file work.cif (mmCIF, C-alpha atoms and all ligand atoms)
data_upload
#
loop_
_atom_site.label_atom_id
_atom_site.label_comp_id
_atom_site.auth_asym_id
_atom_site.auth_seq_id
_atom_site.Cartn_x
_atom_site.Cartn_y
_atom_site.Cartn_z
CA MET A 252 120.29 96.78 -23.64
CA GLN A 253 118.37 97.84 -20.52
CA ASN A 254 115.07 96.06 -19.84
CA ARG A 255 112.55 98.91 -19.76
CA THR A 256 108.81 99.07 -19.17
CA PHE A 257 106.56 102.11 -19.55
CA ILE A 258 103.01 102.83 -18.45
CA VAL A 259 101.73 105.48 -20.89
CA THR A 260 98.33 107.18 -20.67
CA GLY A 261 96.58 108.27 -23.86
CA THR A 262 98.02 105.74 -26.35
CA SER A 263 95.00 105.66 -28.69
CA LYS A 264 96.21 108.69 -30.68
CA GLY A 265 98.46 111.77 -30.80
CA ILE A 266 101.70 112.07 -28.90
CA GLY A 267 100.95 109.08 -26.64
CA MET A 268 100.46 106.75 -29.59
CA GLN A 269 103.67 107.89 -31.29
CA LEU A 270 105.59 107.60 -28.05
CA ALA A 271 104.35 104.04 -27.51
CA GLN A 272 105.22 103.19 -31.12
CA LEU A 273 108.80 104.47 -30.78
CA LEU A 274 109.34 102.75 -27.43
CA LEU A 275 108.10 99.47 -28.92
CA GLU A 276 110.46 99.91 -31.89
CA GLN A 277 113.33 100.18 -29.38
CA GLY A 278 112.28 96.90 -27.72
CA ASP A 279 110.64 98.45 -24.64
CA ARG A 280 107.47 97.02 -23.10
CA VAL A 281 104.48 99.41 -23.05
CA TYR A 282 101.28 99.27 -21.00
CA GLY A 283 98.90 101.79 -22.60
CA ILE A 284 95.77 103.33 -21.10
CA SER A 285 92.95 105.12 -22.95
CA ARG A 286 89.17 104.95 -23.38
CA GLY A 287 89.53 103.87 -26.98
CA THR A 288 91.58 101.09 -28.47
CA ALA A 289 95.09 101.54 -29.86
CA GLU A 290 94.60 99.79 -33.22
CA LEU A 291 98.03 100.63 -34.57
CA LEU A 292 99.80 99.15 -31.57
CA HIS A 293 97.84 95.93 -31.25
CA GLY A 294 99.59 92.88 -32.58
CA ASN A 295 102.89 93.96 -31.05
CA ASP A 296 103.91 91.38 -28.44
CA LEU A 297 105.35 94.06 -26.19
CA TYR A 298 102.17 96.19 -26.15
CA PHE A 299 99.40 95.69 -23.56
CA HIS A 300 96.29 97.87 -23.70
CA PHE A 301 94.04 98.84 -20.81
CA GLN A 302 90.77 100.39 -21.92
CA TYR A 303 89.96 102.73 -19.05
CA ASP A 304 88.30 106.10 -18.54
CA LEU A 305 90.65 108.12 -16.34
CA SER A 306 87.75 110.27 -15.14
CA ASP A 307 86.96 107.24 -12.93
CA LEU A 308 89.41 108.38 -10.28
CA MET A 309 88.39 105.84 -7.66
CA GLY A 310 89.50 102.89 -9.80
CA ILE A 311 93.00 104.18 -10.61
CA GLU A 312 94.83 102.64 -7.64
CA GLN A 313 93.41 99.24 -8.63
CA LEU A 314 94.28 99.82 -12.31
CA VAL A 315 97.92 100.50 -11.39
CA LYS A 316 97.95 97.35 -9.23
CA LYS A 317 96.55 95.30 -12.12
CA ILE A 318 99.16 96.66 -14.54
CA LEU A 319 102.07 96.14 -12.13
CA GLU A 320 100.97 92.53 -11.54
CA GLN A 321 101.45 91.87 -15.26
CA ILE A 322 104.90 93.46 -15.53
CA PRO A 323 107.86 91.09 -15.06
CA LEU A 324 109.24 93.37 -12.34
CA GLU A 325 112.16 91.15 -11.40
CA GLU A 326 113.63 91.68 -14.91
CA THR A 327 112.71 95.35 -15.24
CA GLU A 328 115.64 97.74 -14.85
CA PHE A 329 113.76 100.92 -15.77
CA LEU A 330 110.11 101.61 -14.99
CA GLY A 331 108.44 104.73 -16.35
CA LEU A 332 105.04 106.40 -15.92
CA ILE A 333 104.17 108.86 -18.67
CA ASN A 334 101.18 111.00 -17.72
CA ASN A 335 100.24 112.06 -21.25
CA ALA A 336 96.42 111.88 -21.46
CA ALA A 337 94.61 115.20 -21.09
CA MET A 338 91.63 117.08 -22.46
CA LEU A 339 91.52 120.61 -23.83
CA GLU A 340 87.84 121.47 -23.55
CA PRO A 341 85.85 123.37 -22.31
CA LEU A 342 87.02 126.26 -24.51
CA LYS A 343 84.72 129.04 -23.36
CA PRO A 344 84.50 131.74 -20.68
CA ILE A 345 84.26 130.23 -17.21
CA ASP A 346 80.72 131.51 -16.58
CA GLN A 347 79.57 129.45 -19.57
CA CYS A 348 81.20 126.22 -18.38
CA SER A 349 79.06 123.67 -16.59
CA THR A 350 80.09 121.95 -13.37
CA GLU A 351 80.44 118.72 -15.31
CA GLU A 352 82.74 120.28 -17.96
CA ILE A 353 85.02 121.90 -15.37
CA SER A 354 85.29 118.83 -13.18
CA MET A 355 85.84 116.53 -16.17
CA ASN A 356 88.81 118.59 -17.37
CA LEU A 357 90.41 118.82 -13.93
CA ASN A 358 89.81 115.13 -13.22
CA ILE A 359 91.36 113.85 -16.46
CA SER A 360 94.12 116.41 -16.90
CA LEU A 361 95.20 116.94 -13.29
CA ALA A 362 93.62 114.65 -10.64
CA ALA A 363 94.16 111.42 -12.63
CA PRO A 364 97.92 112.05 -13.19
CA MET A 365 98.28 112.93 -9.49
CA ILE A 366 96.57 109.70 -8.41
CA LEU A 367 98.48 107.64 -11.00
CA SER A 368 101.76 109.10 -9.70
CA SER A 369 100.81 108.49 -6.07
CA SER A 370 99.79 104.87 -6.77
CA PHE A 371 102.82 104.25 -8.98
CA ILE A 372 105.32 105.52 -6.39
CA ARG A 373 103.64 103.71 -3.48
CA GLN A 374 103.34 100.41 -5.29
CA THR A 375 106.91 100.40 -6.65
CA ASN A 376 108.83 101.72 -3.63
CA HIS A 377 110.16 98.24 -2.86
CA LEU A 378 111.85 97.95 -6.28
CA THR A 379 115.47 98.72 -7.05
CA ALA A 380 114.74 99.56 -10.71
CA ARG A 381 115.33 103.11 -11.91
CA ARG A 382 111.92 104.86 -11.87
CA LYS A 383 110.83 107.99 -13.69
CA ILE A 384 107.60 109.97 -14.05
CA VAL A 385 107.06 112.31 -16.99
CA ASN A 386 104.17 114.75 -16.72
CA LEU A 387 103.04 116.25 -20.03
CA THR A 388 102.56 119.95 -19.51
CA SER A 389 102.05 122.93 -21.81
CA GLY A 390 102.94 126.60 -22.27
CA SER A 391 99.29 127.04 -21.22
CA GLY A 392 100.40 126.19 -17.70
CA SER A 393 102.46 129.38 -17.58
CA TYR A 394 100.62 131.72 -19.96
CA PRO A 395 96.99 132.58 -19.12
CA ALA A 396 94.49 132.64 -21.98
CA PRO A 397 90.79 133.57 -22.18
CA SER A 398 88.33 130.70 -22.60
CA MET A 399 91.03 128.20 -21.59
CA ALA A 400 90.80 128.49 -17.80
CA ALA A 401 90.26 124.78 -17.11
CA TYR A 402 93.12 123.60 -19.38
CA CYS A 403 95.55 126.34 -18.26
CA THR A 404 94.76 125.63 -14.60
CA SER A 405 95.24 121.87 -15.06
CA LYS A 406 98.62 122.42 -16.72
CA ALA A 407 99.73 124.99 -14.10
CA GLY A 408 98.72 122.33 -11.57
CA MET A 409 100.85 119.71 -13.39
CA ASN A 410 103.86 122.04 -13.12
CA MET A 411 103.34 122.66 -9.40
CA PHE A 412 102.56 118.99 -8.74
CA SER A 413 105.80 117.92 -10.45
CA GLU A 414 107.81 120.43 -8.36
CA CYS A 415 106.25 119.29 -5.07
CA VAL A 416 106.77 115.59 -5.78
CA ALA A 417 110.37 116.11 -6.91
CA MET A 418 111.04 117.90 -3.60
CA GLU A 419 109.41 115.12 -1.57
CA LEU A 420 111.39 112.40 -3.30
CA ALA A 421 114.80 114.08 -3.41
CA GLU A 422 115.97 112.75 -0.06
CA ARG A 423 114.76 109.17 -0.58
CA LEU A 424 116.87 106.17 -1.39
CA ASN A 425 116.38 105.30 -5.06
CA PRO A 426 114.18 108.36 -5.64
CA VAL A 427 111.74 108.51 -8.53
CA GLU A 428 112.91 111.08 -11.10
CA VAL A 429 110.15 113.52 -12.04
CA ILE A 430 110.13 115.77 -15.08
CA ALA A 431 107.50 117.99 -16.66
CA PHE A 432 107.69 118.01 -20.46
CA ASP A 433 106.13 120.71 -22.62
CA PRO A 434 105.94 119.42 -26.21
CA GLY A 435 105.17 122.77 -27.85
CA MET A 436 102.39 122.91 -30.48
CA VAL A 437 101.92 119.50 -32.07
CA ASP A 438 99.74 118.30 -34.95
CA THR A 439 97.20 116.14 -33.09
CA GLU A 440 93.46 115.94 -32.56
CA LEU A 441 93.80 118.24 -29.55
CA GLN A 442 94.90 121.04 -31.92
CA ALA A 443 92.12 120.16 -34.36
CA VAL A 444 89.56 120.66 -31.55
CA ALA A 445 90.87 124.21 -30.94
CA ARG A 446 90.98 125.02 -34.69
CA GLY A 447 87.53 123.59 -35.26
CA LYS A 448 85.75 126.18 -33.09
CA SER A 449 84.33 129.34 -34.64
CA THR A 450 85.92 132.58 -33.38
CA GLY A 451 82.52 133.46 -31.92
CA GLU A 452 82.71 130.35 -29.79
CA PHE A 453 86.44 130.43 -28.97
CA GLU A 454 88.25 133.67 -29.67
CA LEU A 455 91.73 132.07 -29.97
CA SER A 456 90.68 129.60 -32.67
CA GLY A 457 92.08 132.02 -35.31
CA LEU A 458 95.50 131.79 -33.69
CA PHE A 459 95.41 127.98 -33.69
CA ASN A 460 94.40 128.08 -37.37
CA GLN A 461 97.23 130.49 -38.23
CA VAL A 462 99.86 128.24 -36.64
CA TYR A 463 98.43 125.25 -38.52
CA GLU A 464 98.27 127.03 -41.89
CA ALA A 465 101.81 128.38 -41.46
CA GLY A 466 102.98 124.75 -41.08
CA GLN A 467 104.35 125.50 -37.62
CA LEU A 468 102.92 122.45 -35.84
CA LYS A 469 105.41 119.75 -34.96
CA SER A 470 104.85 116.13 -35.86
CA PRO A 471 103.93 113.82 -32.96
CA ARG A 472 106.81 111.50 -33.96
CA GLU A 473 109.41 114.28 -33.73
CA VAL A 474 108.05 115.25 -30.30
CA ALA A 475 107.96 111.63 -29.11
CA LYS A 476 111.66 111.32 -30.09
CA ARG A 477 112.54 114.37 -27.99
CA LEU A 478 110.50 112.98 -25.12
CA ILE A 479 112.44 109.70 -25.21
CA GLU A 480 115.72 111.66 -25.11
CA ARG A 481 114.45 113.43 -21.97
CA ILE A 482 113.38 110.10 -20.45
CA GLU A 483 116.83 108.63 -21.01
CA GLU A 484 118.73 111.56 -19.51
CA ASN A 485 119.58 111.27 -15.83
CA SER A 486 117.44 113.92 -14.17
CA ASP A 487 118.62 115.83 -11.14
CA THR A 488 116.22 114.43 -8.56
CA SER A 489 116.50 117.50 -6.36
CA LYS A 490 114.54 119.60 -8.82
CA VAL A 491 111.95 119.12 -11.51
CA VAL A 492 113.12 119.65 -15.06
CA HIS A 493 110.78 121.77 -17.12
CA THR A 494 111.62 120.91 -20.66
CA MET A 495 110.22 123.57 -22.93
CA GLU A 496 110.32 122.58 -26.58
CA SER A 497 109.99 125.72 -28.67
N1 LIG B 501 99.02 118.86 -29.19
C1 LIG B 501 99.54 119.95 -28.67
O1 LIG B 501 99.74 120.97 -29.35
C2 LIG B 501 99.95 119.99 -27.21
C3 LIG B 501 100.58 121.15 -26.73
C4 LIG B 501 100.99 121.20 -25.41
C5 LIG B 501 100.76 120.11 -24.57
N2 LIG B 501 100.14 119.01 -25.07
C6 LIG B 501 99.89 117.91 -24.14
O2 LIG B 501 100.36 116.68 -24.68
C7 LIG B 501 99.55 115.61 -24.21
C8 LIG B 501 99.04 114.77 -25.38
O3 LIG B 501 98.27 115.60 -26.21
P1 LIG B 501 97.79 115.20 -27.67
O4 LIG B 501 97.87 116.43 -28.46
O5 LIG B 501 98.47 113.97 -28.12
O6 LIG B 501 96.24 114.92 -27.37
P2 LIG B 501 95.15 114.02 -28.18
O7 LIG B 501 95.58 113.77 -29.57
O8 LIG B 501 93.85 114.69 -27.92
O9 LIG B 501 95.20 112.63 -27.39
C9 LIG B 501 94.80 112.57 -26.05
C10 LIG B 501 94.95 111.16 -25.52
O10 LIG B 501 94.44 111.16 -24.18
C11 LIG B 501 93.48 110.12 -24.04
N3 LIG B 501 92.41 110.49 -23.13
C12 LIG B 501 91.63 111.60 -23.16
N4 LIG B 501 90.67 111.52 -22.23
C13 LIG B 501 90.86 110.33 -21.58
C14 LIG B 501 90.17 109.66 -20.54
N5 LIG B 501 89.08 110.18 -19.96
N6 LIG B 501 90.60 108.45 -20.13
C15 LIG B 501 91.68 107.88 -20.72
N7 LIG B 501 92.37 108.46 -21.72
C16 LIG B 501 91.95 109.67 -22.14
C17 LIG B 501 92.89 109.95 -25.45
O11 LIG B 501 92.37 108.64 -25.62
P3 LIG B 501 90.80 108.28 -25.70
O12 LIG B 501 90.11 109.43 -26.35
O13 LIG B 501 90.79 107.01 -26.49
O14 LIG B 501 90.40 108.06 -24.28
C18 LIG B 501 94.13 110.14 -26.32
O15 LIG B 501 94.81 108.93 -26.46
C19 LIG B 501 98.43 116.23 -23.38
O16 LIG B 501 98.78 116.21 -22.03
C20 LIG B 501 98.40 117.67 -23.89
O17 LIG B 501 97.88 118.57 -22.94
C21 LIG B 501 99.72 118.91 -26.36
#
call {"tool": "encode", "arguments": {"input": "work.cif", "output": "structure tokens"}}
result
Amino acid sequence: MQNRTFIVTGTSKGIGMQLAQLLLEQGDRVYGISRGTAELLHGNDLYFHFQYDLSDLMGIEQLVKKILEQIPLEETEFLGLINNAAMLEPLKPIDQCSTEEISMNLNISLAAPMILSSSFIRQTNHLTARRKIVNLTSGSGSYPAPSMAAYCTSKAGMNMFSECVAMELAERLNPVEVIAFDPGMVDTELQAVARGKSTGEFELSGLFNQVYEAGQLKSPREVAKRLIERIEENSDTSKVVHTMES
């Protein structure tokens, strides 16, 4: 079996936690990043947790260096970066959002994955291992919605960022594969945040509640399985693959 290592952001809960769990079950090594701990993953010899707030953009290059120093790179045949962590809020019209709320969303959901990708590519360019970046995106990156401007803009940015980087890398020797993965609507805390708002506060909360009550949310485990299938596929490095999971 291939010796694989993954750096996954947002492993304390939701899709990131399930993804880490499944990768560990397959014998892969996982370096997880989140502000909180990843209780369910601790105790596994192949799991290494980095408690870090990704809104601290200036420390990311150093964080990637620290993680890479711990990975047995000479044995690693496949090295992945999964940019999964993101935040949904603020969920309100843009004129009600504070500077702090807008910049926090864009920093965590867009700037941090861009800097992680940049650092990851730069610091691993000397390796011969297969490398792949997966950027978690959303239908919100293609479909505008009221009171979701920050999230929709971050996800539209993730799509464009993935396309630009795939273009840049296509002509390189041992290029990094880049895909954008849209998981569809998944039963995680992110959904609970949207459902938990009153319709007065966030007009689309009714829609999020309807989808939940109709049992239409996917399980994080099912989505993580699909994500691993996409990771394992050989991606055409000349273009970004937008995987839309309906
Ligand atoms: N759930 C859905 O329906 C859905 C739909 C489309 C796309 N997606 C995308 O799928 C991805 C995962 O979503 P999810 O539903 O699993 O979300 P979630 O349950 O809210 O989990 C988000 C993860 O990101 C981490 N995170 C948030 N802010 C962070 C920060 N400042 N620094 C470090 N880590 C941070 C959280 O850890 P800490 O809080 O411990 O820091 C947590 O582990 C996101 O990119 C999301 O946009 C989700």
call {"tool": "residues_near_ligand", "arguments": {"input": "work.cif", "ligand": "ligand LIG 501 (chain B)", "cutoff": "8 Å", "atoms": "all atoms listed in the file", "output": "VMD selection string"}}
result
chain A and resid 260 to 268 284 to 289 302 to 307 334 to 339 359 to 360 386 to 391 402 406 433 to 442 468 471
call {"tool": "residues_around", "arguments": {"input": "work.cif", "residues": "Phe412 (chain A)", "least_positions_apart": "2", "cutoff": "10 Å", "atoms": "all atoms listed in the file", "output": "JSON, numbers by chain"}}
result
{"A": [361, 364, 365, 368, 386, 406, 407, 408, 409, 410, 414, 415, 416, 417, 418, 429, 431, 491]}
call {"tool": "closest_atom_pairs", "arguments": {"input": "work.cif", "of": "region 326-351 of chain A", "to": "region 450-465 of chain A", "cutoff": "10 Å", "atoms": "only C-alpha atoms", "output": "JSON lines"}}
result
{"residue": "A:Pro341", "atom": "CA", "partner": "A:Phe453", "partner_atom": "CA", "distance": 9.7}
{"residue": "A:Leu342", "atom": "CA", "partner": "A:Phe453", "partner_atom": "CA", "distance": 6.1}
{"residue": "A:Lys343", "atom": "CA", "partner": "A:Phe453", "partner_atom": "CA", "distance": 6.0}
{"residue": "A:Pro344", "atom": "CA", "partner": "A:Phe453", "partner_atom": "CA", "distance": 8.6}
call {"tool": "closest_residue", "arguments": {"input": "work.cif", "among": "A:Gly447, A:Gly283, A:Gly294, A:Pro395", "to": "Val315 (chain A)", "atoms": "only C-alpha atoms"}}
result
A:Gly283
call {"tool": "residues_around", "arguments": {"input": "work.cif", "residues": "Glu428 (chain A)", "least_positions_apart": "2", "cutoff": "7 Å", "atoms": "all atoms listed in the file", "output": "list in words"}}
result
Arg382, Lys383, Ile384, Pro426, Ile430, Ser486 and Thr488 of chain A
call {"tool": "atom_distance", "arguments": {"input": "work.cif", "atom1": "CA of Thr327 (chain A)", "atom2": "CA of Thr256 (chain A)"}}
result
6.7 Å
call {"tool": "closest_residue", "arguments": {"input": "work.cif", "among": "A:Cys403, A:Thr375, A:Ile318, A:Val281", "to": "Ile353 (chain A)", "atoms": "only C-alpha atoms"}}
result
A:Cys403
call {"tool": "atom_distance", "arguments": {"input": "work.cif", "atom1": "CA of Leu332 (chain A)", "atom2": "CA of Ala445 (chain A)"}}
result
27.3 Å
call {"tool": "atom_distance", "arguments": {"input": "work.cif", "atom1": "CA of Ala443 (chain A)", "atom2": "CA of Lys469 (chain A)"}}
result
13.3 Å
call {"tool": "closest_residue", "arguments": {"input": "work.cif", "among": "A:Ile482, A:Glu320, A:Arg381, A:Ala475", "to": "Leu273 (chain A)", "atoms": "all atoms listed in the file"}}
result
A:Ala475
call {"tool": "closest_residue", "arguments": {"input": "work.cif", "among": "A:Arg481, A:Ser370, A:Arg472, A:Arg423", "to": "Gln269 (chain A)", "atoms": "only C-alpha atoms"}}
result
A:Arg472
